[in-house]
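Step one of this worksheet: look at the structure below.
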Amino acid sequence: MAEGMTNKVDVSVDTRGMNCPQPLIEARKKMRKMAPGQVLEVIGDHAMSRKEIPMAMEETGDKVLDAKDEPNGGWKLHIQKGGQF
Amino acid sequence: MTTNINTVGGAFRPKKRYLISVSHGTYGHDDDAYGAMLVANGILAKGLDVTLLLREDGVYMAVKGQDPNEIGQENNLKQLADFLDLGGQLIVLGPSTDARALDKDELIDGIMIIGNKDLVKVLEEHDFCITF
């Protein structure tokens, strides 16, 4: 569990060092294999993906539970899978 | 619920279908082939439907076991695997493989080979076509 983020994480994916759209692709690949209600943690450092991933996940009915920005430019997202995609 | 529905903020709208047609293979045109894969996988990851059509020299992208990195070309096999993993539909034009003496067992798993007659139907089934 990431510091300051209290959700129970079921699956985690580390996209640090990847550029757009690869972080979204890696997150979606994980999400597709998860059950509705489970929580995915996405770790990354690409600034555009920090904005793109929540937008794309919400488009498909998933819910962004929490987001945390790190002082070094990195970030973590907690996203709960919906039932649609 | 039908899978051809996308929801935004509680409102339903038809889910658009994208056809990405690739006529340049990895060899000599690895920027086109790699760009096509980035676009295809990016659209898929946004939750939209994508069909990837490989035709003419584009069919070389689907040859299994190749390693174009050895000659300085981008290897798209991982991107193709991601594409299938994300639920994309991969179509190869049969006359293009025939003209290059490629058998189906030389191509990666998960592809569908179609003839010229089926190509019109594929085009009709999609809302947008992007060509590389």
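In the structure tokens, each chain is lettered A, B, ... as it comes, each chain's residues begin at 1, and ligands are numbered from 1 in order of appearance.
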Please identify every residue of range 1-25 of chain A that has at least one atom no farther than 8 Å from an atom of range 48-67 of chain A, counting only C-alpha atoms, and for each give the shortest atom pair and the distance in Å to one decimal, arranged by chain then increasing number, as CSV.
```
residue,atom,partner,partner_atom,distance
A:Met5,CA,A:Asp66,CA,6.9
A:Asn7,CA,A:Leu65,CA,7.9
A:Asn19,CA,A:Ser49,CA,7.8
A:Cys20,CA,A:Ser49,CA,6.0
A:Pro21,CA,A:Ser49,CA,7.1
A:Pro23,CA,A:Ser49,CA,6.5
A:Leu24,CA,A:Ile53,CA,5.5
```
Could you please take those selected residues and save C-alpha atoms as a short mmCIF file (atom, residue, chain, number, x, y, z; two decimals), in the first residue's frame?
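And here is the file that came out, part_5.cif:
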```
data_model
loop_
_atom_site.label_atom_id
_atom_site.label_comp_id
_atom_site.auth_asym_id
_atom_site.auth_seq_id
_atom_site.Cartn_x
_atom_site.Cartn_y
_atom_site.Cartn_z
CA MET A 5 -3.21 5.79 0.07
CA ASN A 7 -7.03 1.31 -0.58
CA ASN A 19 6.28 7.03 -22.56
CA CYS A 20 2.70 7.61 -23.72
CA PRO A 21 0.69 5.56 -24.59
CA PRO A 23 1.65 3.27 -19.46
CA LEU A 24 -2.04 3.27 -20.40
#
```
**Study point:** All residues 9 Å or closer to Glu56 in chain B, only C-alpha atoms, same chain fewer than 6 positions away omitted, as an MDAnalysis selection string
**Key:** chainID B and resid 22:25 93 95:97 99:100
Save the residues we just selected, N, CA and C atoms, as a PDB file, in the first residue's frame?
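Below you can see result-v1.pdb, which holds the result:
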```
ATOM      1  N   VAL B  22      -2.306  -1.305 -42.575  1.00  0.00           N
ATOM      2  CA  VAL B  22      -0.851  -1.156 -42.636  1.00  0.00           C
ATOM      3  C   VAL B  22      -0.331  -1.860 -43.891  1.00  0.00           C
ATOM      4  N   SER B  23       0.230  -1.096 -44.822  1.00  0.00           N
ATOM      5  CA  SER B  23       0.741  -1.685 -46.063  1.00  0.00           C
ATOM      6  C   SER B  23       2.266  -1.691 -46.105  1.00  0.00           C
ATOM      7  N   HIS B  24       2.903  -1.083 -45.106  1.00  0.00           N
ATOM      8  CA  HIS B  24       4.365  -1.087 -45.028  1.00  0.00           C
ATOM      9  C   HIS B  24       4.796  -2.012 -43.901  1.00  0.00           C
ATOM     10  N   GLY B  25       5.602  -2.989 -44.216  1.00  0.00           N
ATOM     11  CA  GLY B  25       6.069  -3.900 -43.183  1.00  0.00           C
ATOM     12  C   GLY B  25       7.162  -3.298 -42.331  1.00  0.00           C
ATOM     13  N   LEU B  93      -4.405  -9.958 -45.070  1.00  0.00           N
ATOM     14  CA  LEU B  93      -4.975 -10.154 -46.402  1.00  0.00           C
ATOM     15  C   LEU B  93      -4.283 -11.325 -47.099  1.00  0.00           C
ATOM     16  N   PRO B  95      -4.292 -12.663 -50.216  1.00  0.00           N
ATOM     17  CA  PRO B  95      -3.545 -12.468 -51.463  1.00  0.00           C
ATOM     18  C   PRO B  95      -2.160 -11.846 -51.230  1.00  0.00           C
ATOM     19  N   SER B  96      -2.028 -11.054 -50.178  1.00  0.00           N
ATOM     20  CA  SER B  96      -0.723 -10.446 -49.878  1.00  0.00           C
ATOM     21  C   SER B  96       0.252 -11.478 -49.325  1.00  0.00           C
ATOM     22  N   THR B  97      -0.250 -12.402 -48.490  1.00  0.00           N
ATOM     23  CA  THR B  97       0.640 -13.464 -47.993  1.00  0.00           C
ATOM     24  C   THR B  97       0.988 -14.440 -49.119  1.00  0.00           C
ATOM     25  N   ALA B  99       1.249 -13.770 -52.289  1.00  0.00           N
ATOM     26  CA  ALA B  99       2.211 -13.140 -53.203  1.00  0.00           C
ATOM     27  C   ALA B  99       3.623 -13.150 -52.633  1.00  0.00           C
ATOM     28  N   ARG B 100       3.722 -13.304 -51.302  1.00  0.00           N
ATOM     29  CA  ARG B 100       5.043 -13.313 -50.650  1.00  0.00           C
ATOM     30  C   ARG B 100       5.422 -14.707 -50.151  1.00  0.00           C
TER      31      ARG B 100
END
```
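The spacing separating CA of Arg17 in chain B from CA of His126 in chain B amounts to 5.0 Å.
Secondary structure by DSSP on the backbone puts the following residues of chain A in strand (DSSP E or B): Val11, Ser12, Val13, Asp14, Val39, Leu40, Glu41, Val42, Ile43, Gly44, Lys63, Val64, Leu65, Asp66, Ala67, Lys68, Asp69, Trp75, Lys76, Leu77, His78, Ile79 and Gln80 of chain A.
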**Study point:** Counting only C-alpha atoms, the option among A:Lys68, A:Lys8, A:Lys30, A:Arg16 closest to chain B
**Key:**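 Smallest distance to chain B is found for A:Lys30.
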Which residues of range 9-36 of chain A sit at most 12 Å from range 73-92 of chain B, using only C-alpha atoms? Give each one's shortest atom pair and distance in Å (one decimal place), in chain and ascending residue order, as a Markdown table.
```
| residue | atom | partner | partner_atom | distance |
| --- | --- | --- | --- | --- |
| A:Pro21 | CA | B:Gln79 | CA | 11.7 |
| A:Gln22 | CA | B:Gln79 | CA | 9.8 |
| A:Leu24 | CA | B:Leu86 | CA | 11.1 |
| A:Ile25 | CA | B:Asp82 | CA | 7.8 |
| A:Glu26 | CA | B:Asp82 | CA | 8.5 |
| A:Ala27 | CA | B:Leu86 | CA | 10.4 |
| A:Arg28 | CA | B:Leu86 | CA | 7.3 |
| A:Lys29 | CA | B:Leu86 | CA | 5.9 |
| A:Lys30 | CA | B:Leu86 | CA | 9.4 |
| A:Met31 | CA | B:Leu86 | CA | 9.8 |
| A:Arg32 | CA | B:Leu86 | CA | 7.5 |
| A:Lys33 | CA | B:Asp85 | CA | 9.7 |
```
Point to revise | Residue list (helix (DSSP H, G or I), DSSP) for range 8-84 of chain A, as a VMD selection string | key: chain A and resid 22 to 32 47 to 59
Could you please select, counting only C-alpha atoms, the residues of chain B within 6 Å of chain A and state them as a PDB file with C-alpha atoms, in the first residue's frame?
```
ATOM      1  CA  VAL B   8     -19.549   8.536 -20.225  1.00  0.00           C
ATOM      2  CA  GLY B  42      -3.472   3.520 -27.748  1.00  0.00           C
ATOM      3  CA  ALA B  45      -6.479   1.037 -24.389  1.00  0.00           C
ATOM      4  CA  LYS B  46      -8.953   3.909 -24.399  1.00  0.00           C
ATOM      5  CA  LEU B  86      -6.100  -5.814 -25.389  1.00  0.00           C
TER       6      LEU B  86
END
```
Point to revise | Distance criterion (only C-alpha atoms): nearest to Gly35 in chain B out of B:Ala62, B:Leu123, B:Asp118, B:Ile20 | key: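 Checking each of B:Ala62, B:Leu123, B:Asp118, B:Ile20 against Gly35 in chain B, counting only C-alpha atoms, the winner is B:Ile20.
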Point to revise | 9 Å contact set for range 37-45 of chain A, only C-alpha atoms, chain neighbours under 2 positions out, as a count of residues only | key: 37
Check your understanding: So what do you get for CA of Thr26 in chain B versus CA of Gly110 in chain B, distance-wise?
Key ->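 For CA of Thr26 in chain B relative to CA of Gly110 in chain B, the distance reads 18.9 Å.
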Practice item. Calculate how many Å separate CA of Thr6 in chain A from CA of Glu70 in chain A, rounding to one decimal. Key: 16.1 Å
